[in-house]
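**Q** Okay, here's the structure, questions in a sec.
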2 protein chains.
Amino acid sequence: MTRLVAQVTISNLGAALFHAAGAPPAYAQLVVDHLVESSLMGHDSHGVLRIPEYLDDVARGRIDPAAKVRIERKSSTTAIVDGGDTFGAVVARTAIDEAIRTAHEQRTACLILRRCHHVGRLGAFVERAARNDLIALATCNSPVQGHFVLPWGGREGRLATNPIAYAVPTLAEPIVADFSTSVAPEGKIRFRRNEGKPLPRGWLLDSEGRPTTDAAALYATPRGGILPLGGAAGHKGFALGLLVEIFGAALAGHATDEASVIGNGVVFIVIDPAAFVPLAEFKRLVSDTVAYVKSSPPAVGFDEVLVPGELEFRTLRRRSREGVPVDDVTWTSIEEHARRLGVEMIANLDD
Amino acid sequence: MTRLVAQVTISNLGAALFHAAGAPPAYAQLVVDHLVESSLMGHDSHGVLRIPEYLDDVARGRIDPAAKVRIERKSSTTAIVDGGDTFGAVVARTAIDEAIRTAHEQRTACLILRRCHHVGRLGAFVERAARNDLIALATCNSPVQGHFVLPWGGREGRLATNPIAYAVPTLAEPIVADFSTSVAPEGKIRFRRNEGKPLPRGWLLDSEGRPTTDAAALYATPRGGILPLGGAAGHKGFALGLLVEIFGAALAGHATDEASVIGNGVVFIVIDPAAFVPLAEFKRLVSDTVAYVKSSPPAVGFDEVLVPGELEFRTLRRRSREGVPVDDVTWTSIEEHARRLGVEMIANLDD
């Protein structure tokens, strides 16, 4: 079962839990706000179900809940942001704000994040840059344990699902794209396996490198692998995933197969469009482009053309009224953490 | 029929033709070298078949063969490169060299190109940056006449095939990726139509927005459209194509559906990896990543895992020995231009 919890309720509860677990109030609020916003936008896999997961990782010592984020400036346009293994959303927020300042001053900026735990929804950070009138790109790799994605032509996983995000300001909501460079995220395949349902063709190869629709093949020994984005043009998705990997690993000074690395390797590239065209004109032109692509009549099976982020902003408006969906497993786990940490389940009042 | 012509022969002949058509010797040599290299690397669609096409465009006044390229610096890290409608390869070479200088000084750079004719093989320019120890990204849009690619969920073309290229230095050859953000380039579909062969499923929708394998549907009235990269995840290819469009149009200060624009809208983003990690260490780590992805045994139907650019460098070595393939239509057209311009067909001596 999934219950709907008021945004303010889950937000206050989550903040109290993270604070009780050792996070300073500002960290606690920032992390829970990030997760709640992801849920509100429909990205449940990066939403409130991560509250107990992060609390577990604090308890296991994988997250330092109060570590200071340090910005090691390397040049006028670049910096390395060392997160000290605190919450990824705290590290990424610090980094994107520094990137925004740098891009406003220098017109371009490139920042890399190190010792950053799970970064959360990458789109949130590029969106923040776009709301500050900048174009932002972000990439995010994951360590070797998450190498579920096949290189094009190969049958053993060598990359993670390595998402790319970008955001661009318009006269209205920004364009916000955020997608994996594999044909599907690992979580979707796990979900199908748990349901006992076959996968669409073109998602998976088994350990022998043969196409399969059996989701269990990904978890067999030896395991299969997820195909890169692109179907018959999967070399393109592989090329994108490889770039994300190089940004996340080599730029951060470690190897792709380094087993000791924990957390995401994130890069932000931020560009000030006002370096090229007056800002108001740029936004008007992008809004015109949005209107132009949306003016295409729909293909069979579609109602309309949506630009990246449009569906998420609709979901945000709806769920902000209706409440945040929280599944039973997550809710029970939150209750257990609340008991452990001595936090009152104020949310029960809403049920 | 296709003949093999020695590299030096087609290079000298092409340079003489462009020079006779009004290009300064340096422009003439740069353009032909770019096209010959594309052919040598196996990108015949961006190779010597463009020699007569460019000569036609000079004759029709669409290329100014001697226009000066002007760099309008807008900030320490950005510039607008105004090509004055001369050969795209000349504009892009000037721009990438400026981007390389800027990135070596400022660590990051973002340059946009305007009034740039057909830019040619985008990969050539990012490769040049990688050979100068930099990471480079490039995007390239095309004007409204080339809007063959459907927005995700739509049935009328709203974008061109909008390629993305990147290059990264390694201890050996750089990684060089260069691919369209549609499922296939338009030229491939035209080729299938001319052959009367059906397309693979998932390439095309007809004008009613229904899947079709009939290549002719793209050229019917009203016309069909090419699907964005990604198959069932085509929203990802659409997101990439839209970003390329915004970079190519809005940053250059014009609308996506502006009918008066000719030529490609190109952006270069260049980053100095030495801002983050010592250069030798970075190259070693990238080479290790290449070795790691290539260590995957092959999937069924493949011999090995290739990283982006690897196949092209192999083809370059082979064709440098064997000669440049030139099809009969192109050769005849070159002969006609030679007669018109009074250039001796020295290449005949080789036949």
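By convention in this document, the chains of the structure tokens carry letters A, B, ... by their order, each chain's residues are numbered from 1, and ligands are numbered from 1 in the order they are shown.
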If DSSP is run on the backbone, what residues of stretch 80-204 of chain A are strand (DSSP E or B)? A reply as number ranges by chain would be ideal.
**A** A: 80-86, 108-116, 135-141, 149, 154, 159, 164-168, 175-179, 182, 204
**Q** Find the residues around B:Gly14 up to 8 Å (only C-alpha atoms counted), leave out those fewer than 3 positions away in its own chain, and share them as an MDAnalysis selection string.
**A** chainID B and resid 10:11 17:18 28:29 32 51
**Q** Based on only C-alpha atoms, which of the residues in chain A come within 7 Å of chain B? I want them as an NGL selection string.
**A** :A and (74-78 or 80 or 106-109 or 151-156 or 158 or 177 or 179 or 183 or 208-210 or 229-231 or 233 or 236 or 239 or 246 or 250-256 or 273 or 275-277 or 282 or 285-286 or 289 or 293 or 296-300 or 302 or 304-305 or 308)
**Q** Which of stretch 262-330 of chain B end up as helix (DSSP H, G or I) when DSSP is run on this backbone - answer as a PyMOL selection string?
**A** chain B and resi 273-275+279-294+310-322+328-330
**Q** So that I can check the surroundings of B:Ala16, please list as an NGL selection string every protein, DNA and RNA residue that reaches within 12 Å of it, counting only C-alpha atoms and ignoring chain neighbours fewer than 2 positions away.
**A** :B and (9-14 or 18-32 or 51 or 55 or 334 or 337-338 or 341-347)
**Q** Can you tell me, as a PyMOL selection string, what residues are no more than 7 Å from A:Val144 when counting only C-alpha atoms, ignoring any on the same chain fewer than 2 positions away?
**A** chain A and resi 142+146-147+256-259
**Q** Would you work out the distance separating atom CA of B:Asp56 from atom CA of B:Val329, expressed in Å to one decimal?
**A**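 Distance reported for this atom pair: 14.1 Å.
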